[in-house]
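Here the structure comes first, spelled out in structure tokens, and everything after it is commentary.
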Amino acid sequence: MSHGRVKTKGSAEDQESKRKEREKKTKLYRLGIDRAFTKHQAGEYDEEALAITAQLLTANPDITTLWNIRREVLLHFRDVDQRTEGEIQDKMQGELRLIEQCFRANPKSYGGWHHRRWVLDNMPVPIWEQELALCSKFLELDERNFLCWDYRRFVVERSQVPAADEFEFSSQKILSNFSNYSSWHYRSRLLPCIYPDPMGKLPIEEKKHKEELELVQNAAFTDPNDQSPWFYQRWLLGRTLQPLMLSQVHIFRDLVCASLNHSITFTGNNSEMHLEITVEGQNFRTTWKSTNGQQYSHVWISSLPKELFLGDKSTVVVSLYRGTALVHYLSFKSEDLQASVKPQFSAGFSEGITSVLQDELDSCMKLLDLEPDSKWTLLTSVLLMQAIDRQKYQDDTFSKLSQLIRVDPHRSGYFRDLWSRYKMEYAIDKYSESKQNIDLSCLNLTSMYHCHYLSYVHTVDLSNNNLSCRSLPQLHPLQCCQVLKLENNNIESLRGMPTLMSLHILSLRSNIISSAEEVKFLQLCTHLSSVDLSDNPAAKDEMLQELVKTFLLSVKMLNMSPL
């Protein structure tokens with residue numbers, strides 16, 4: 001039975017007849033393709049080319065080359081044949097009708113929707129109102145047609161439809177179906193335009209923010225297993241974007257290191273940003289290099305100018321500029337060698353917003369009493385706790401994340417990374433700059449977050465975690481680190497080890513490094529004096545000790561050689 005009807009097996013004769021019919025259609029289709037390509041290669045841009053490609057696209061609208069041929073023919077009519085504006089208008093309207101016909105075969109044809117944009121952009125008199133109505137019609141048939149939603153945004157932008165009108169449209173779609181992810185996404189694009197936060201801290205102004213939180217709460221609890229409103233709520237709970245600023249500045253080994261709270265670039269012709277060093281009022285503009293070797297980075301280093309003299313109590317100022325405008329600066333006495341701004345990981349919501357979030361968290365807890373393994377409710381409760389009071393809910397946060405790892409093993413990697421991020425934030429909260437060392441051992445870290453806040457730490461202990469070789473490049477901000485402990489992790493290779501200018505002692509005991517040749521990836525750490533690879537599979541290789549000894553000797557000789 002299929003849809004209430006008995007399925008019958010066709011006779012061998014019927015199947016043979018269908019096979020021949022398919023072969024006949026395939027042969028005609030290939031002949032059509034060959035004819036279309038032959039005409040294009042011969043430069044025959046005429047009505048026949050349009051007719052052939054129209055037949056082919058009606059059957060299969062996903063052949064991009066055929067749409068390209070049609071565009072070339074239409075441009076030939078306009079620019080070479082010099083057809084009248086009225087004739088071109090008729091041709092373009094014909095294209096719109098053809099595309100609608102093609103959508104019957106595939107309403108999510110990338111080529112069809114792209115061609116429709118091109119037609120409207122090249123139409124003498126675009127008919128935007130008709131296109132907006134067409135989008136509404138298509139979204140009634142399939143409210144999740146993301147290509148149609150994308151095209152609607154194009155039409156709205158070109159025809160300058162007020163954002164408030166589109167916001168009303170998205171509201172109607174959401175109220176008719178809370179599961180309409182595209183409507184929630186569209187809403188998140190429209191709200192900042194209609195209700196911008198005057199302080200620039202929240203996604204939208206506070207009153208509307210509270211209303212949206214209440215709306216999405218109703219949607220989420222209507223069907224807790226529907227991910228669409230939960231994703232929208234995550235957007236509402238997003239941390240406020242902090243203004244660009246210098247986080248840390250310090251001097252070491254005749255170098256100056258600047259750490260920023262956002263990844264930016266100081267290279268390339270389009271970069272307006274630059275850093276300047278001022279000592280006792282005298283400016284020194286230097287060349288900066290990223291510590292990760294990429295164009296964008298949180299951490300940048302520069303050689304101190306040779307003509308710069310630092311007295312014992314010289315005032316050093318490092319300033320960040322956008323063009324000629326000062327963005328931020330940090331200053332310190334040369335005897336201190338460093339300056340910093342305490343990082344802020346709290347969401348920074350107002351008391352009113354926090355009250356609404358607390359109500360939502362209470363509702364999540366009640367829902368979890370009924371459905372303890374509801375993954376979206378668990379994840380949202382974690383985000384709410386972090387947004388309300390990170391310190392108060394620290395233990396509950398990790399308890400819920402542990403439960404998520406168990407409940408949803410397919411996304412355990414994401415939850416473990418979220419765990420790592422929060423563990424790093426709490427550790428950095430407790431870190432005292434005066435100690436110049438930080439203990440990050442036994443935290444079950446799988447990834448390294450916020451390392452740019454550790455750019456002048458001298459000793460970093462990352463032992464007994466779950467870090468792999470993919471975490472090594474994330475250590476590039478540790479430019480002042482002299483002792484790095486990576487014992488008992490899951491590091492199988494040293495490929496990607498960054499250049500750490502001050503590193504002297506590196507412990508890699510009890511990892512899973514199997515080849516002695518991995519030592520070669522440490523060559524960028526040019527001040528190493530000790531490397532411990534014991535209790536690795538490679539430790540059984542007789543060559544290992546010799547390679548390490550040779551490597552450390554070459555480093556020593558390099559540092560002894562005159563500049």
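In the structure tokens, the first chain shown is A, the next is B, and so on; residue numbers restart at 1 for each chain, and ligands run from 1 in the order shown.
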Give me every helix (DSSP H, G or I) residue in stretch 338-536 of chain A, going by DSSP on the backbone, as a PyMOL selection string. chain A and resi 351-370+375-388+394-407+409-430+451-454+469-475+516-522
Residues near A:Glu95, anyone? I mean within 12 Å using only C-alpha atoms, not counting same-chain ones fewer than 4 positions away, as a compact mmCIF listing (two decimals) with N, CA, C and O atoms, in the first residue's frame.
# COMPACT_ATOMS: atom_id res chain seq x y z
N LEU A 50 17.27 31.25 -28.09
CA LEU A 50 16.36 31.41 -26.95
C LEU A 50 15.36 30.27 -26.89
O LEU A 50 15.05 29.74 -25.81
N ALA A 51 14.83 29.87 -28.05
CA ALA A 51 13.82 28.80 -28.08
C ALA A 51 14.41 27.46 -27.62
O ALA A 51 13.78 26.73 -26.85
N THR A 53 17.17 26.88 -25.70
CA THR A 53 17.52 26.89 -24.27
C THR A 53 16.27 26.92 -23.40
O THR A 53 16.28 26.35 -22.29
N ALA A 54 15.17 27.54 -23.88
CA ALA A 54 13.94 27.56 -23.10
C ALA A 54 13.39 26.15 -22.92
O ALA A 54 12.97 25.77 -21.82
N LEU A 57 15.70 24.24 -20.45
CA LEU A 57 15.61 24.72 -19.07
C LEU A 57 14.27 24.36 -18.43
O LEU A 57 14.20 24.15 -17.21
N THR A 58 13.24 24.30 -19.22
CA THR A 58 11.93 23.90 -18.68
C THR A 58 12.00 22.49 -18.13
O THR A 58 11.37 22.16 -17.12
N TRP A 67 21.53 29.27 -18.80
CA TRP A 67 21.10 30.61 -18.37
C TRP A 67 22.10 31.67 -18.84
O TRP A 67 21.71 32.77 -19.25
N ARG A 70 21.47 32.48 -22.45
CA ARG A 70 20.30 33.36 -22.61
C ARG A 70 20.68 34.82 -22.29
O ARG A 70 20.24 35.75 -22.97
N ARG A 71 21.49 35.01 -21.26
CA ARG A 71 21.89 36.39 -20.92
C ARG A 71 22.71 37.01 -22.04
O ARG A 71 22.55 38.19 -22.37
N VAL A 73 22.54 36.27 -25.21
CA VAL A 73 21.63 36.56 -26.34
C VAL A 73 20.87 37.86 -26.07
O VAL A 73 20.76 38.73 -26.95
N LEU A 74 20.33 38.02 -24.87
CA LEU A 74 19.54 39.21 -24.53
C LEU A 74 20.41 40.47 -24.57
O LEU A 74 19.96 41.53 -25.05
N ILE A 88 12.92 45.20 -25.65
CA ILE A 88 13.71 44.61 -24.58
C ILE A 88 12.82 44.35 -23.35
O ILE A 88 12.95 43.30 -22.70
N GLN A 89 11.91 45.28 -23.08
CA GLN A 89 10.99 45.09 -21.95
C GLN A 89 10.16 43.82 -22.15
O GLN A 89 9.99 43.02 -21.22
N ASP A 90 9.65 43.62 -23.37
CA ASP A 90 8.86 42.42 -23.67
C ASP A 90 9.69 41.16 -23.50
O ASP A 90 9.21 40.15 -22.98
N LYS A 91 10.94 41.21 -23.98
CA LYS A 91 11.81 40.04 -23.85
C LYS A 91 12.07 39.69 -22.37
O LYS A 91 12.06 38.52 -21.99
N ILE A 99 10.99 31.69 -16.24
CA ILE A 99 11.53 31.28 -14.94
C ILE A 99 10.42 30.70 -14.06
O ILE A 99 10.62 29.69 -13.38
N GLU A 100 9.25 31.34 -14.09
CA GLU A 100 8.12 30.82 -13.32
C GLU A 100 7.77 29.40 -13.78
O GLU A 100 7.46 28.53 -12.95
N GLN A 101 7.83 29.19 -15.07
CA GLN A 101 7.55 27.86 -15.61
C GLN A 101 8.62 26.85 -15.14
O GLN A 101 8.30 25.70 -14.81
N CYS A 102 9.87 27.29 -15.11
CA CYS A 102 10.96 26.43 -14.66
C CYS A 102 10.82 26.07 -13.18
O CYS A 102 11.19 24.97 -12.76
N GLY A 112 17.78 29.54 -11.61
CA GLY A 112 16.56 30.29 -11.91
C GLY A 112 16.44 31.56 -11.09
O GLY A 112 16.13 32.63 -11.62
N TRP A 113 16.70 31.46 -9.79
CA TRP A 113 16.59 32.65 -8.94
C TRP A 113 17.68 33.67 -9.27
O TRP A 113 17.45 34.88 -9.24
N HIS A 115 19.05 34.10 -12.23
CA HIS A 115 18.69 34.71 -13.52
C HIS A 115 17.58 35.73 -13.32
O HIS A 115 17.57 36.77 -14.00
N ARG A 116 16.68 35.46 -12.40
CA ARG A 116 15.59 36.42 -12.16
C ARG A 116 16.13 37.74 -11.62
O ARG A 116 15.66 38.82 -11.99
N ARG A 117 17.13 37.67 -10.77
CA ARG A 117 17.77 38.90 -10.29
C ARG A 117 18.37 39.68 -11.47
O ARG A 117 18.22 40.90 -11.57
N TRP A 118 19.07 38.94 -12.33
CA TRP A 118 19.72 39.60 -13.46
C TRP A 118 18.68 40.27 -14.36
O TRP A 118 18.90 41.40 -14.83
N VAL A 119 17.57 39.60 -14.61
CA VAL A 119 16.52 40.15 -15.46
C VAL A 119 15.99 41.46 -14.88
O VAL A 119 15.87 42.47 -15.58
N LEU A 120 15.70 41.47 -13.58
CA LEU A 120 15.16 42.69 -12.95
C LEU A 120 16.18 43.82 -12.98
O LEU A 120 15.82 44.99 -13.15
N ASN A 122 18.36 44.32 -15.29
CA ASN A 122 18.57 44.75 -16.68
C ASN A 122 17.29 45.10 -17.40
O ASN A 122 17.32 45.39 -18.60
N MET A 123 16.19 45.12 -16.70
CA MET A 123 14.89 45.44 -17.28
C MET A 123 14.75 46.96 -17.38
O MET A 123 15.05 47.68 -16.42
Surrounding residues of A:Leu500 excluding itself and chain neighbours under 4 positions, 10 Å, only C-alpha atoms, as a list in words: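 With the cut-off at 10 Å, the set is Thr291, Leu475, His476, Pro477, Leu478, Gln479, Cys480, Cys481, Gln482, His504, Leu522, Leu524, Cys525, Thr526, His527 and Leu528 of chain A.
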Produce a file of the selected residues containing C-alpha atoms, as an mmCIF file, in the first residue's frame.
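Generated file (part.cif):
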data_model
loop_
_atom_site.group_PDB
_atom_site.id
_atom_site.type_symbol
_atom_site.label_atom_id
_atom_site.label_comp_id
_atom_site.auth_asym_id
_atom_site.auth_seq_id
_atom_site.Cartn_x
_atom_site.Cartn_y
_atom_site.Cartn_z
ATOM 1 C CA THR A 291 52.026 36.335 15.720
ATOM 2 C CA LEU A 475 48.958 29.197 21.307
ATOM 3 C CA HIS A 476 50.555 31.903 19.133
ATOM 4 C CA PRO A 477 49.753 34.778 21.548
ATOM 5 C CA LEU A 478 52.024 33.279 24.259
ATOM 6 C CA GLN A 479 54.970 35.408 23.231
ATOM 7 C CA CYS A 480 56.338 35.862 26.773
ATOM 8 C CA CYS A 481 55.842 32.242 27.790
ATOM 9 C CA GLN A 482 59.122 30.691 28.989
ATOM 10 C CA HIS A 504 62.810 27.906 26.956
ATOM 11 C CA LEU A 522 59.818 23.144 16.886
ATOM 12 C CA LEU A 524 60.554 28.282 15.023
ATOM 13 C CA CYS A 525 60.951 28.349 18.812
ATOM 14 C CA THR A 526 64.496 29.639 18.638
ATOM 15 C CA HIS A 527 65.258 29.890 22.370
ATOM 16 C CA LEU A 528 64.367 26.383 23.493
#
Polymer residues at most 12 Å from A:Phe551, only C-alpha atoms, same-chain spacing of 6 or more positions, as a list of chain:residue names: A:Ala516, A:Glu517, A:Glu518, A:Val519, A:Lys520, A:Phe521, A:Leu522, A:Gln523, A:Leu524, A:Cys525, A:Thr526, A:His527, A:Leu528, A:Ser529, A:Ser530, A:Val531, A:Leu544, A:Gln545, A:Met557, A:Leu558
Could you write those residues out with all heavy atoms, as a compact mmCIF listing (two decimals), in the first residue's frame?
# COMPACT_ATOMS: atom_id res chain seq x y z
N ALA A 516 59.81 10.54 15.70
CA ALA A 516 60.89 11.41 16.16
C ALA A 516 61.06 12.62 15.26
O ALA A 516 61.57 13.67 15.68
CB ALA A 516 62.19 10.61 16.24
N GLU A 517 60.62 12.50 14.01
CA GLU A 517 60.75 13.58 13.04
C GLU A 517 59.92 14.81 13.42
O GLU A 517 60.11 15.89 12.86
CB GLU A 517 60.35 13.09 11.65
CG GLU A 517 61.25 12.04 11.05
CD GLU A 517 62.64 12.58 10.75
OE1 GLU A 517 62.74 13.78 10.43
OE2 GLU A 517 63.62 11.82 10.85
N GLU A 518 58.97 14.63 14.35
CA GLU A 518 58.12 15.75 14.76
C GLU A 518 58.93 16.90 15.38
O GLU A 518 58.47 18.03 15.44
CB GLU A 518 57.06 15.27 15.75
CG GLU A 518 56.03 14.31 15.18
CD GLU A 518 55.14 14.95 14.14
OE1 GLU A 518 54.81 16.14 14.28
OE2 GLU A 518 54.77 14.26 13.17
N VAL A 519 60.12 16.59 15.84
CA VAL A 519 60.97 17.61 16.48
C VAL A 519 61.22 18.79 15.54
O VAL A 519 61.37 19.93 15.98
CB VAL A 519 62.29 16.98 16.95
CG1 VAL A 519 63.25 18.04 17.49
CG2 VAL A 519 62.03 15.94 18.01
N LYS A 520 61.25 18.51 14.25
CA LYS A 520 61.56 19.57 13.27
C LYS A 520 60.54 20.70 13.30
O LYS A 520 60.84 21.83 12.89
CB LYS A 520 61.65 18.99 11.87
CG LYS A 520 60.33 18.46 11.32
CD LYS A 520 60.48 17.82 9.96
CE LYS A 520 59.15 17.30 9.42
NZ LYS A 520 59.30 16.62 8.12
N PHE A 521 59.31 20.43 13.79
CA PHE A 521 58.28 21.46 13.83
C PHE A 521 58.48 22.45 14.98
O PHE A 521 57.71 23.39 15.13
CB PHE A 521 56.88 20.84 13.91
CG PHE A 521 56.50 20.04 12.70
CD1 PHE A 521 56.31 18.67 12.79
CD2 PHE A 521 56.37 20.65 11.46
CE1 PHE A 521 55.96 17.93 11.67
CE2 PHE A 521 56.04 19.92 10.33
CZ PHE A 521 55.83 18.55 10.44
N LEU A 522 59.50 22.23 15.79
CA LEU A 522 59.82 23.14 16.89
C LEU A 522 60.87 24.18 16.50
O LEU A 522 61.26 25.00 17.33
CB LEU A 522 60.32 22.35 18.10
CG LEU A 522 59.35 21.32 18.70
CD1 LEU A 522 60.05 20.56 19.83
CD2 LEU A 522 58.09 22.00 19.21
N GLN A 523 61.32 24.15 15.26
CA GLN A 523 62.45 24.98 14.86
C GLN A 523 62.16 26.48 14.92
O GLN A 523 63.09 27.29 14.98
CB GLN A 523 62.90 24.61 13.44
CG GLN A 523 61.82 24.78 12.39
CD GLN A 523 62.25 24.23 11.05
OE1 GLN A 523 63.39 23.87 10.86
NE2 GLN A 523 61.33 24.17 10.10
N LEU A 524 60.88 26.86 14.94
CA LEU A 524 60.55 28.28 15.02
C LEU A 524 60.68 28.82 16.45
O LEU A 524 60.68 30.03 16.65
CB LEU A 524 59.14 28.53 14.50
CG LEU A 524 58.91 28.22 13.01
CD1 LEU A 524 57.45 28.44 12.63
CD2 LEU A 524 59.81 29.09 12.15
N CYS A 525 60.76 27.93 17.42
CA CYS A 525 60.95 28.35 18.81
C CYS A 525 62.46 28.40 19.07
O CYS A 525 63.08 27.44 19.53
CB CYS A 525 60.26 27.37 19.76
SG CYS A 525 58.48 27.24 19.48
N THR A 526 63.04 29.53 18.77
CA THR A 526 64.50 29.64 18.64
C THR A 526 65.25 29.83 19.96
O THR A 526 66.45 30.09 19.94
CB THR A 526 64.84 30.80 17.69
OG1 THR A 526 64.20 31.99 18.17
CG2 THR A 526 64.35 30.50 16.28
N HIS A 527 64.55 29.75 21.09
CA HIS A 527 65.26 29.89 22.37
C HIS A 527 65.02 28.68 23.28
O HIS A 527 65.24 28.76 24.49
CB HIS A 527 64.82 31.18 23.09
CG HIS A 527 65.36 32.41 22.44
ND1 HIS A 527 64.77 33.00 21.35
CD2 HIS A 527 66.47 33.16 22.72
CE1 HIS A 527 65.48 34.05 20.98
NE2 HIS A 527 66.51 34.18 21.79
N LEU A 528 64.59 27.59 22.71
CA LEU A 528 64.37 26.38 23.49
C LEU A 528 65.68 25.84 24.05
O LEU A 528 66.70 25.76 23.35
CB LEU A 528 63.70 25.31 22.64
CG LEU A 528 62.17 25.33 22.56
CD1 LEU A 528 61.68 24.32 21.52
CD2 LEU A 528 61.55 25.02 23.92
N SER A 529 65.62 25.43 25.33
CA SER A 529 66.79 24.79 25.95
C SER A 529 66.45 23.40 26.47
O SER A 529 67.35 22.64 26.81
CB SER A 529 67.32 25.66 27.10
OG SER A 529 66.32 25.86 28.07
N SER A 530 65.16 23.08 26.54
CA SER A 530 64.76 21.77 27.05
C SER A 530 63.45 21.33 26.39
O SER A 530 62.48 22.10 26.37
CB SER A 530 64.58 21.82 28.57
OG SER A 530 64.04 20.61 29.06
N VAL A 531 63.43 20.10 25.87
CA VAL A 531 62.23 19.51 25.28
C VAL A 531 62.06 18.11 25.86
O VAL A 531 62.96 17.27 25.73
CB VAL A 531 62.31 19.42 23.74
CG1 VAL A 531 61.05 18.76 23.19
CG2 VAL A 531 62.50 20.81 23.14
N LEU A 544 65.31 9.60 18.58
CA LEU A 544 64.66 10.74 19.20
C LEU A 544 65.64 11.58 20.02
O LEU A 544 65.73 12.81 19.82
CB LEU A 544 63.49 10.28 20.07
CG LEU A 544 62.75 11.42 20.80
CD1 LEU A 544 62.12 12.37 19.81
CD2 LEU A 544 61.70 10.86 21.75
N GLN A 545 66.35 10.95 20.94
CA GLN A 545 67.26 11.70 21.80
C GLN A 545 68.33 12.42 20.99
O GLN A 545 68.71 13.56 21.30
CB GLN A 545 67.90 10.77 22.83
CG GLN A 545 66.92 10.20 23.86
CD GLN A 545 66.23 11.30 24.64
OE1 GLN A 545 66.82 12.34 24.96
NE2 GLN A 545 64.95 11.11 24.93
N MET A 557 73.68 27.38 19.31
CA MET A 557 74.67 27.98 18.43
C MET A 557 74.10 29.21 17.73
O MET A 557 74.78 30.22 17.56
CB MET A 557 75.13 26.96 17.38
CG MET A 557 75.89 25.77 17.98
SD MET A 557 77.43 26.26 18.79
CE MET A 557 78.37 26.80 17.37
N LEU A 558 72.81 29.13 17.36
CA LEU A 558 72.16 30.27 16.71
C LEU A 558 72.11 31.47 17.63
O LEU A 558 72.37 32.61 17.21
CB LEU A 558 70.74 29.86 16.28
CG LEU A 558 69.89 30.95 15.63
CD1 LEU A 558 70.49 31.36 14.28
CD2 LEU A 558 68.46 30.48 15.43
DSSP strand (DSSP E) residues within stretch 278-401 of chain A, as a PyMOL selection string: chain A and resi 278-279+282-284+289-290+297-303+315-322+325-333+338-340
